[in-house]
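S.K.: What follows is the file coords-v2.cif, containing mmCIF, C-alpha atoms:
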```cif
data_coords
loop_
_atom_site.label_atom_id
_atom_site.label_comp_id
_atom_site.auth_asym_id
_atom_site.auth_seq_id
_atom_site.Cartn_x
_atom_site.Cartn_y
_atom_site.Cartn_z
CA MET C 1 -49.38 -9.66 -51.14
CA SER C 2 -52.58 -11.37 -49.97
CA VAL C 3 -56.10 -9.94 -50.04
CA ALA C 4 -56.17 -9.84 -46.23
CA GLU C 5 -53.21 -7.53 -46.21
CA HIS C 6 -55.04 -4.97 -48.43
CA THR C 7 -58.18 -4.93 -46.16
CA ALA C 8 -57.94 -2.05 -43.58
CA PRO C 9 -59.44 -2.72 -40.15
CA SER C 10 -62.56 -0.56 -39.22
CA SER C 11 -61.75 2.41 -36.92
CA THR C 12 -64.66 2.04 -34.44
CA PRO C 13 -67.25 -0.67 -34.13
CA PRO C 14 -70.84 0.57 -34.84
CA VAL C 15 -72.13 -0.38 -31.40
CA ARG C 16 -69.50 1.65 -29.59
CA ARG C 17 -70.22 4.65 -31.81
CA ASN C 18 -73.93 4.46 -31.01
CA TYR C 19 -73.18 4.26 -27.32
CA ARG C 20 -70.94 7.30 -27.56
CA LEU C 21 -73.62 9.29 -29.36
CA ALA C 22 -76.17 8.24 -26.77
CA TRP C 23 -73.90 9.32 -23.94
CA LEU C 24 -73.21 12.63 -25.63
CA GLY C 25 -76.95 13.21 -26.06
CA LEU C 26 -77.63 12.35 -22.44
CA ALA C 27 -74.85 14.67 -21.35
CA ALA C 28 -76.28 17.50 -23.45
CA VAL C 29 -79.75 16.89 -22.05
CA ALA C 30 -78.38 16.78 -18.54
CA ALA C 31 -76.41 19.98 -19.09
CA GLY C 32 -79.47 21.66 -20.52
CA ALA C 33 -81.59 20.48 -17.60
CA VAL C 34 -78.99 21.72 -15.13
CA ALA C 35 -78.79 25.07 -16.90
CA TRP C 36 -82.55 25.39 -17.05
CA GLY C 37 -82.85 24.34 -13.41
CA GLY C 38 -80.25 26.87 -12.41
CA TYR C 39 -82.02 29.60 -14.34
CA TRP C 40 -85.37 28.63 -12.83
CA TRP C 41 -83.93 28.53 -9.33
CA GLN C 42 -82.11 31.82 -9.67
CA THR C 43 -84.58 33.75 -11.85
CA GLY C 44 -87.50 31.89 -13.38
CA ARG C 45 -89.36 31.07 -10.18
CA TYR C 46 -89.46 34.78 -9.30
CA LEU C 47 -90.92 35.92 -12.63
CA GLN C 48 -94.72 36.14 -12.56
CA THR C 49 -96.27 36.32 -16.01
CA THR C 50 -99.77 36.89 -17.36
CA ASP C 51 -101.22 37.54 -20.77
CA ASP C 52 -104.50 38.76 -19.25
CA ALA C 53 -103.37 42.39 -19.39
CA TYR C 54 -104.66 45.41 -21.28
CA LEU C 55 -103.64 49.02 -21.78
CA LYS C 56 -106.03 51.55 -20.30
CA ALA C 57 -106.52 55.30 -20.07
CA ASP C 58 -108.91 57.26 -17.88
CA SER C 59 -111.06 58.66 -20.67
CA VAL C 60 -113.72 61.31 -20.02
CA VAL C 61 -117.18 61.15 -21.56
CA ILE C 62 -118.29 64.50 -23.04
CA ALA C 63 -121.99 65.26 -22.49
CA PRO C 64 -123.90 68.57 -22.44
CA LYS C 65 -125.25 70.00 -19.19
CA ILE C 66 -128.18 71.60 -21.03
CA GLY C 67 -130.39 70.64 -23.93
CA GLY C 68 -130.42 72.13 -27.40
CA TYR C 69 -129.59 71.66 -31.04
CA ALA C 70 -125.96 71.09 -32.05
CA SER C 71 -125.08 74.08 -34.26
CA GLU C 72 -121.38 73.26 -34.75
CA VAL C 73 -119.12 70.22 -34.28
CA LEU C 74 -115.63 71.68 -33.97
CA VAL C 75 -113.57 68.45 -33.90
CA THR C 76 -113.21 65.32 -35.99
CA ALA C 77 -112.82 61.68 -34.99
CA ASN C 78 -109.40 60.78 -33.52
CA GLN C 79 -108.32 64.44 -33.43
CA GLN C 80 -105.75 65.52 -30.86
CA VAL C 81 -107.11 68.21 -28.53
CA ARG C 82 -105.81 70.16 -25.58
CA ARG C 83 -107.53 71.11 -22.38
CA GLY C 84 -109.99 73.94 -22.94
CA ASP C 85 -110.35 73.46 -26.68
CA PRO C 86 -113.96 73.87 -27.91
CA LEU C 87 -115.56 70.63 -29.07
CA VAL C 88 -119.25 71.29 -29.78
CA ARG C 89 -121.36 74.46 -29.87
CA LEU C 90 -125.10 74.37 -29.13
CA ASP C 91 -127.71 76.81 -30.39
CA GLY C 92 -127.71 79.34 -27.54
CA ARG C 93 -130.28 81.89 -28.65
CA GLN C 94 -132.89 80.88 -26.10
CA TYR C 95 -130.28 80.92 -23.32
CA GLN C 96 -129.08 84.36 -24.42
CA ALA C 97 -132.68 85.60 -24.26
CA MET C 98 -133.04 84.15 -20.77
CA LEU C 99 -129.84 85.93 -19.76
CA GLU C 100 -131.20 89.27 -20.97
CA GLN C 101 -134.46 88.62 -19.13
CA SER C 102 -132.57 87.84 -15.92
CA ARG C 103 -130.62 91.09 -16.30
CA ALA C 104 -133.88 93.05 -16.61
CA GLN C 105 -135.28 91.31 -13.54
CA LEU C 106 -132.14 92.16 -11.61
CA GLU C 107 -132.47 95.82 -12.58
CA ALA C 108 -136.12 95.78 -11.42
CA ARG C 109 -135.09 94.25 -8.09
CA GLU C 110 -132.39 96.91 -7.72
CA ALA C 111 -135.04 99.60 -8.24
CA ASP C 112 -137.27 97.97 -5.63
CA LEU C 113 -134.36 97.92 -3.23
CA GLN C 114 -133.59 101.61 -3.79
CA ARG C 115 -137.26 102.48 -3.27
CA ALA C 116 -137.37 100.50 -0.04
CA ARG C 117 -134.26 102.27 1.22
CA ALA C 118 -135.80 105.65 0.33
CA ASP C 119 -139.00 104.72 2.20
CA ILE C 120 -136.97 103.84 5.27
CA ALA C 121 -135.12 107.15 5.14
CA GLN C 122 -138.44 108.98 4.83
CA GLN C 123 -139.95 107.03 7.72
CA GLN C 124 -136.94 107.77 9.89
CA ALA C 125 -137.34 111.51 9.16
CA GLN C 126 -141.06 111.33 10.01
CA ILE C 127 -140.25 109.54 13.24
CA ALA C 128 -137.77 112.25 14.19
CA GLN C 129 -140.37 114.94 13.41
CA SER C 130 -143.09 113.08 15.33
CA ARG C 131 -140.79 112.61 18.29
CA ALA C 132 -140.03 116.33 18.33
CA GLN C 133 -143.75 117.17 18.17
CA GLU C 134 -144.43 114.76 21.02
CA THR C 135 -141.72 116.44 23.09
CA VAL C 136 -143.27 119.88 22.46
CA ALA C 137 -146.71 118.53 23.36
CA ARG C 138 -145.39 117.02 26.57
CA LEU C 139 -143.72 120.29 27.58
CA THR C 140 -146.93 122.20 26.77
CA LEU C 141 -148.92 119.78 28.92
CA ALA C 142 -146.45 120.13 31.76
CA HIS C 143 -146.73 123.94 31.61
CA ALA C 144 -150.52 123.81 31.51
CA SER C 145 -150.60 121.43 34.44
CA GLU C 146 -148.35 123.74 36.46
CA GLU C 147 -150.63 126.70 35.69
CA VAL C 148 -153.68 124.79 36.87
CA LYS C 149 -151.87 123.66 39.99
CA ARG C 150 -150.80 127.25 40.78
CA TYR C 151 -154.18 128.91 40.14
CA ALA C 152 -156.38 126.30 41.82
CA PRO C 153 -155.63 127.50 45.44
CA LEU C 154 -156.04 131.14 44.38
CA SER C 155 -159.48 130.43 42.96
CA VAL C 156 -160.56 128.97 46.31
CA THR C 157 -159.53 132.11 48.19
CA GLY C 158 -160.97 134.41 45.53
CA ALA C 159 -157.59 135.76 44.47
CA ALA C 160 -158.23 134.40 40.96
CA SER C 161 -161.46 134.17 39.08
CA ASP C 162 -163.13 130.87 38.29
CA GLU C 163 -163.12 131.80 34.62
CA ARG C 164 -159.33 132.00 34.62
CA LEU C 165 -159.04 128.58 36.29
CA ALA C 166 -161.50 127.10 33.80
CA GLU C 167 -159.48 128.53 30.92
CA LEU C 168 -156.27 127.04 32.33
CA ARG C 169 -157.93 123.65 32.76
CA ASN C 170 -159.17 123.87 29.19
CA ASN C 171 -155.60 124.58 28.05
CA GLN C 172 -154.42 121.57 30.05
CA ALA C 173 -156.98 119.33 28.36
CA GLN C 174 -155.97 120.61 24.94
CA ALA C 175 -152.28 119.99 25.75
CA GLN C 176 -153.12 116.45 26.84
CA ALA C 177 -155.02 115.86 23.58
CA ASN C 178 -152.14 117.25 21.56
CA LEU C 179 -149.74 114.95 23.42
CA ASP C 180 -151.96 111.93 22.75
CA ALA C 181 -152.14 112.83 19.06
CA ALA C 182 -148.38 113.33 18.82
CA SER C 183 -147.79 109.97 20.53
CA ALA C 184 -150.19 108.27 18.11
CA VAL C 185 -148.42 109.82 15.12
CA LEU C 186 -145.04 108.69 16.51
CA LYS C 187 -146.34 105.16 17.05
CA ALA C 188 -147.77 105.02 13.52
CA ALA C 189 -144.50 106.27 12.05
CA THR C 190 -142.57 103.63 14.03
CA THR C 191 -144.93 100.92 12.74
CA ARG C 192 -144.48 102.10 9.19
CA LEU C 193 -140.70 101.97 9.70
CA VAL C 194 -140.91 98.31 10.76
CA THR C 195 -143.01 97.60 7.65
CA SER C 196 -140.52 99.44 5.45
CA GLN C 197 -137.65 97.47 6.99
CA ALA C 198 -139.48 94.22 6.19
CA GLN C 199 -140.01 95.43 2.64
CA LEU C 200 -136.30 96.26 2.44
CA ALA C 201 -135.39 92.74 3.58
CA GLN C 202 -137.79 91.31 1.00
CA ALA C 203 -136.29 93.51 -1.72
CA GLU C 204 -132.78 92.37 -0.78
CA ALA C 205 -133.87 88.73 -0.93
CA GLN C 206 -135.48 89.29 -4.33
CA ARG C 207 -132.32 90.95 -5.58
CA LYS C 208 -130.23 87.99 -4.42
CA ALA C 209 -132.63 85.63 -6.20
CA ALA C 210 -132.33 87.75 -9.35
CA GLU C 211 -128.53 87.68 -9.06
CA ALA C 212 -128.60 83.89 -8.71
CA ALA C 213 -130.89 83.63 -11.74
CA GLN C 214 -128.51 85.82 -13.72
CA ARG C 215 -125.52 83.68 -12.71
CA GLN C 216 -127.43 80.57 -13.76
CA SER C 217 -128.24 82.19 -17.10
CA HIS C 218 -124.55 83.03 -17.55
CA LEU C 219 -123.66 79.39 -16.82
CA ASP C 220 -126.24 78.19 -19.34
CA VAL C 221 -124.81 80.50 -22.01
CA ASP C 222 -121.27 79.30 -21.20
CA ASP C 223 -122.44 75.67 -21.29
CA THR C 224 -123.58 76.06 -24.90
CA VAL C 225 -119.89 75.57 -25.77
CA LEU C 226 -118.54 72.17 -24.68
CA ARG C 227 -114.79 72.21 -24.04
CA SER C 228 -112.23 69.48 -23.52
CA PRO C 229 -111.51 68.85 -19.82
CA GLN C 230 -108.06 67.38 -20.52
CA ASP C 231 -105.42 66.74 -23.17
CA GLY C 232 -106.11 63.71 -25.33
CA ARG C 233 -107.64 62.38 -28.50
CA VAL C 234 -111.27 62.38 -29.58
CA GLY C 235 -112.84 58.94 -29.61
CA ASP C 236 -116.33 57.53 -30.11
CA LEU C 237 -117.54 60.73 -31.81
CA SER C 238 -121.30 60.41 -32.33
CA VAL C 239 -122.68 63.96 -32.46
CA ARG C 240 -123.83 65.58 -35.71
CA VAL C 241 -124.79 69.14 -36.65
CA GLY C 242 -128.52 69.70 -36.19
CA GLN C 243 -128.93 66.86 -33.72
CA LEU C 244 -131.27 67.55 -30.81
CA LEU C 245 -129.33 66.87 -27.63
CA GLN C 246 -130.65 66.30 -24.15
CA ALA C 247 -128.67 66.99 -21.00
CA GLY C 248 -126.36 64.03 -20.37
CA THR C 249 -126.34 62.77 -23.98
CA ARG C 250 -123.03 61.00 -24.73
CA LEU C 251 -121.31 62.87 -27.57
CA MET C 252 -117.70 61.61 -27.53
CA SER C 253 -114.84 60.56 -25.28
CA ILE C 254 -111.51 62.28 -24.67
CA VAL C 255 -108.80 59.65 -24.23
CA PRO C 256 -105.57 60.85 -22.53
CA VAL C 257 -103.22 58.73 -24.64
CA GLN C 258 -100.19 60.32 -22.94
CA GLN C 259 -101.36 59.00 -19.57
CA MET C 260 -101.75 55.34 -20.50
CA TYR C 261 -101.27 52.63 -17.87
CA LEU C 262 -101.56 48.84 -17.75
CA VAL C 263 -103.99 46.67 -15.82
CA ALA C 264 -102.63 43.11 -15.54
CA ASN C 265 -104.87 40.43 -14.04
CA PHE C 266 -102.62 38.03 -12.09
CA LYS C 267 -103.75 34.82 -10.45
CA GLU C 268 -104.09 35.03 -6.71
CA THR C 269 -101.35 32.39 -6.41
CA GLN C 270 -98.88 34.75 -8.13
CA LEU C 271 -99.14 37.59 -5.61
CA GLN C 272 -97.14 36.10 -2.73
CA ARG C 273 -93.96 38.09 -3.37
CA MET C 274 -95.35 40.83 -5.58
CA GLN C 275 -94.99 44.34 -4.20
CA VAL C 276 -95.56 47.92 -5.24
CA GLY C 277 -92.46 49.34 -6.92
CA GLN C 278 -91.18 46.11 -8.54
CA ARG C 279 -90.11 46.26 -12.16
CA ALA C 280 -92.13 44.71 -14.98
CA SER C 281 -91.34 43.76 -18.57
CA LEU C 282 -94.12 44.21 -21.11
CA HIS C 283 -94.75 42.95 -24.62
CA VAL C 284 -97.62 44.51 -26.57
CA ASP C 285 -99.18 42.19 -29.11
CA ALA C 286 -99.34 45.06 -31.61
CA LEU C 287 -95.57 45.67 -31.20
CA PRO C 288 -94.12 42.14 -30.93
CA ASP C 289 -90.50 43.21 -31.45
CA VAL C 290 -90.53 45.93 -28.79
CA GLU C 291 -89.94 45.28 -25.08
CA LEU C 292 -91.44 47.88 -22.78
CA HIS C 293 -90.92 48.45 -19.10
CA GLY C 294 -93.04 49.50 -16.17
CA VAL C 295 -93.38 49.55 -12.39
CA VAL C 296 -96.05 47.96 -10.21
CA GLU C 297 -98.10 50.90 -8.96
CA SER C 298 -101.01 49.46 -6.96
CA PHE C 299 -103.23 46.45 -6.34
CA SER C 300 -106.99 46.34 -6.66
CA PRO C 301 -108.85 46.16 -3.31
CA GLY C 302 -110.72 43.09 -4.56
CA THR C 303 -110.64 40.42 -7.21
CA GLY C 304 -112.17 41.07 -10.57
CA ALA C 305 -115.18 38.91 -9.71
CA GLN C 306 -116.07 41.17 -6.79
CA PHE C 307 -116.59 44.14 -9.10
CA ALA C 308 -118.55 42.25 -11.74
CA LEU C 309 -122.12 43.26 -12.54
CA LEU C 310 -123.32 40.00 -10.96
CA PRO C 311 -120.76 38.90 -8.33
CA PRO C 312 -120.64 35.12 -7.82
CA GLU C 313 -122.44 33.69 -4.83
CA ASN C 314 -120.41 30.74 -3.54
CA ALA C 315 -122.62 29.88 -0.58
CA THR C 316 -124.45 27.21 -2.55
CA GLY C 317 -124.71 23.45 -2.37
CA ASN C 318 -122.52 22.90 -5.41
CA PHE C 319 -119.13 24.59 -5.28
CA THR C 320 -116.18 24.48 -7.66
CA LYS C 321 -113.06 26.34 -6.61
CA ILE C 322 -111.75 28.67 -9.32
CA VAL C 323 -108.48 30.52 -9.08
CA GLN C 324 -109.32 34.21 -8.85
CA ARG C 325 -107.49 37.03 -10.61
CA VAL C 326 -106.48 40.32 -9.03
CA PRO C 327 -106.10 43.48 -11.18
CA VAL C 328 -102.63 45.00 -10.74
CA ARG C 329 -101.99 48.51 -12.03
CA ILE C 330 -98.59 49.04 -13.68
CA ARG C 331 -97.17 52.45 -14.49
CA LEU C 332 -95.56 52.57 -17.93
CA ASP C 333 -92.04 53.89 -18.52
CA ILE C 334 -92.35 54.51 -22.24
CA PRO C 335 -90.61 57.09 -24.46
CA PRO C 336 -92.94 59.69 -26.00
CA ALA C 337 -92.25 58.35 -29.50
CA LEU C 338 -93.70 54.96 -28.56
CA ARG C 339 -96.65 56.37 -26.63
CA ALA C 340 -98.17 57.64 -29.86
CA ARG C 341 -98.37 54.02 -31.09
CA LEU C 342 -100.13 52.68 -28.01
CA LEU C 343 -103.90 52.51 -27.88
CA SER C 344 -106.27 51.91 -25.01
CA GLY C 345 -107.45 48.31 -24.93
CA LEU C 346 -104.41 46.67 -26.59
CA SER C 347 -103.44 43.24 -25.28
CA VAL C 348 -100.17 42.94 -23.37
CA THR C 349 -98.09 40.15 -21.85
CA ALA C 350 -96.74 41.34 -18.50
CA GLU C 351 -93.89 39.81 -16.49
CA VAL C 352 -93.10 41.08 -12.98
CA ASP C 353 -89.72 40.37 -11.41
CA THR C 354 -90.28 39.59 -7.74
CA ARG C 355 -86.68 38.66 -6.88
CA HIS C 356 -85.88 41.88 -5.11
CA GLU C 357 -87.63 44.13 -2.65
CA ALA C 358 -89.65 46.92 -4.20
CA SER C 359 -87.59 49.95 -5.19
CA HIS C 360 -89.65 53.12 -4.68
CA GLY C 361 -87.15 55.45 -6.20
#
```
In structure tokens, what does this structure look like?
M.R.:
Amino acid sequence: MSVAEHTAPSSTPPVRRNYRLAWLGLAAVAAGAVAWGGYWWQTGRYLQTTDDAYLKADSVVIAPKIGGYASEVLVTANQQVRRGDPLVRLDGRQYQAMLEQSRAQLEAREADLQRARADIAQQQAQIAQSRAQETVARLTLAHASEEVKRYAPLSVTGAASDERLAELRNNQAQAQANLDAASAVLKAATTRLVTSQAQLAQAEAQRKAAEAAQRQSHLDVDDTVLRSPQDGRVGDLSVRVGQLLQAGTRLMSIVPVQQMYLVANFKETQLQRMQVGQRASLHVDALPDVELHGVVESFSPGTGAQFALLPPENATGNFTKIVQRVPVRIRLDIPPALRARLLSGLSVTAEVDTRHEASHG
């Protein structure tokens, strides 16, 4: 047997094998491109994504309404509190003293009011008495005048003496004087009644002022204890026992961690199909292996630049167009167990699916 007979022919030439591998690679690339294109056409082009998103909570700053020294700090940093729980107690001795003083002033005003009412009752009785005396005086004058009128013709004819007529005229004059005096007394009593009524109105106004002062003192005493306005956790605690506090001094913040939401800043070019009620997928940087979900809740009425401390002024000679971002608020659908791990300010990547119309259910 010759050497040529023992030499086996090669199965495939190297060039053909390279061509086959090249075609297989091109086919795989083409298939991948088609698959990616199909995914982009069906799904990808409707997904709007941003990593300019942060968790937020509407925290409340705790500050005293009145000034004073902090006598007790009843919470610690990061403590969970409920609405109405006491947070800080101020030294309230001076406000308690002011409350007692306002109570004494109110009692004094009540006494003034009672005295004014008693004066009015007395004046009304005097007026009734003076009116009765005036009526008697008027009747006496009328009788005296009738006597004079009846005896005057008799005196002319001599049927009655001049002395009797003079006596009757003297009685008439006395009756007129008594009537004038009674009228003057009645007028004076009426004037005093008007004065007493004005004093009563003044006493009532002073009592109302004293009541208002007492209510204010009660509020000041109540305000010596600062309470939590909502459920949440204590953050940014800066108050210390013995610290002199002024009204409005920032002491801490109460962060409602159970009411967290997301603010995602999307480019203005991403908002064409975005609507309230569309679903969103969220990835928190602090929880990279957890996918969260949410719903688009609302859109800001302006871009972020419009609410900046110094809004840009574009009406200048040099202008460079910059894509603006619009804050979009997203409501979080998160189980309670995960909410405890979320903190205000954490960075989030948000992806909103705009394929379908918004579902408001």
S.K.: Identify which of the residues C:Leu74, C:His283, C:Thr320, C:Asn265 lies closest to Gly304 of chain C, counting only C-alpha atoms when measuring atom-to-atom distances.
M.R.: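 Looking only at the distances to Gly304 of chain C, the closest residue turns out to be C:Asn265.
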S.K.: Expand the PyMOL selection byres ((chain C and resi 192-206) around 7) into the explicit residue set it covers here, and present it as a list in words.
M.R.: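 Matching residues under the PyMOL selection byres ((chain C and resi 192-206) around 7) are Arg109, Asp112, Leu113, Ala116, Arg117, Asp119, Ile120, Gln123, Gln124, Ala188, Ala189, Thr190, Thr191, Arg207, Lys208, Ala209 and Ala210 of chain C.
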S.K.: Applying the PyMOL selection byres ((chain C and resi 286) around 10) to the file I just gave you, which residues come out? Please list them as a list in words.
M.R.: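 Checking the PyMOL selection byres ((chain C and resi 286) around 10) against this file, the residues are His283, Val284, Asp285, Leu287, Pro288, Asp289, Val290, Arg341, Leu342, Leu343, Leu346, Ser347 and Val348 of chain C.
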S.K.: Please evaluate the PyMOL selection byres ((chain C and resi 326) around 12) against the displayed coordinates and give the resulting residues as a VMD selection string.
M.R.: chain C and resid 50 52 to 53 263 to 271 274 298 to 307 323 to 325 327 to 329
S.K.: Can you work out the spacing between atom CA of Gln214 of chain C and atom CA of Leu99 of chain C in Å, to one decimal?
M.R.: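 These two atoms are separated by 6.2 Å.
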S.K.: May I ask which of the residues C:Val75, C:Ala315, C:Leu338, C:Leu21 is the closest one to Arg233 of chain C, counting only C-alpha atoms?
M.R.: C:Val75
S.K.: I want to know what sits within 8 Å of segment 44-49 of chain C, based on all atoms listed in the file, with residues of the same chain fewer than 5 positions away left out; could you give that as a short mmCIF file (atom, residue, chain, number, x, y, z; two decimals) with C-alpha atoms, in the frame of the given file?
M.R.:
```
data_model
loop_
_atom_site.label_atom_id
_atom_site.label_comp_id
_atom_site.auth_asym_id
_atom_site.auth_seq_id
_atom_site.Cartn_x
_atom_site.Cartn_y
_atom_site.Cartn_z
CA TYR C 39 -82.02 29.60 -14.34
CA PHE C 266 -102.62 38.03 -12.09
CA GLN C 270 -98.88 34.75 -8.13
CA THR C 349 -98.09 40.15 -21.85
CA ALA C 350 -96.74 41.34 -18.50
CA GLU C 351 -93.89 39.81 -16.49
CA VAL C 352 -93.10 41.08 -12.98
CA ASP C 353 -89.72 40.37 -11.41
CA THR C 354 -90.28 39.59 -7.74
CA ARG C 355 -86.68 38.66 -6.88
#
```
S.K.: How would you write as a PDB file with C-alpha atoms, in the coordinates of the input the residues that get within 10 Å of (-141.0, 110.7, 14.3) in the file's frame, counting only C-alpha atoms?
M.R.:
```
ATOM      1  CA  GLN C 122    -138.440 108.980   4.830  1.00  0.00           C
ATOM      2  CA  GLN C 123    -139.950 107.030   7.720  1.00  0.00           C
ATOM      3  CA  GLN C 124    -136.940 107.770   9.890  1.00  0.00           C
ATOM      4  CA  ALA C 125    -137.340 111.510   9.160  1.00  0.00           C
ATOM      5  CA  GLN C 126    -141.060 111.330  10.010  1.00  0.00           C
ATOM      6  CA  ILE C 127    -140.250 109.540  13.240  1.00  0.00           C
ATOM      7  CA  ALA C 128    -137.770 112.250  14.190  1.00  0.00           C
ATOM      8  CA  GLN C 129    -140.370 114.940  13.410  1.00  0.00           C
ATOM      9  CA  SER C 130    -143.090 113.080  15.330  1.00  0.00           C
ATOM     10  CA  ARG C 131    -140.790 112.610  18.290  1.00  0.00           C
ATOM     11  CA  ALA C 132    -140.030 116.330  18.330  1.00  0.00           C
ATOM     12  CA  GLN C 133    -143.750 117.170  18.170  1.00  0.00           C
ATOM     13  CA  GLU C 134    -144.430 114.760  21.020  1.00  0.00           C
ATOM     14  CA  ALA C 182    -148.380 113.330  18.820  1.00  0.00           C
ATOM     15  CA  SER C 183    -147.790 109.970  20.530  1.00  0.00           C
ATOM     16  CA  VAL C 185    -148.420 109.820  15.120  1.00  0.00           C
ATOM     17  CA  LEU C 186    -145.040 108.690  16.510  1.00  0.00           C
ATOM     18  CA  LYS C 187    -146.340 105.160  17.050  1.00  0.00           C
ATOM     19  CA  ALA C 188    -147.770 105.020  13.520  1.00  0.00           C
ATOM     20  CA  ALA C 189    -144.500 106.270  12.050  1.00  0.00           C
ATOM     21  CA  THR C 190    -142.570 103.630  14.030  1.00  0.00           C
ATOM     22  CA  LEU C 193    -140.700 101.970   9.700  1.00  0.00           C
TER      23      LEU C 193
END
```
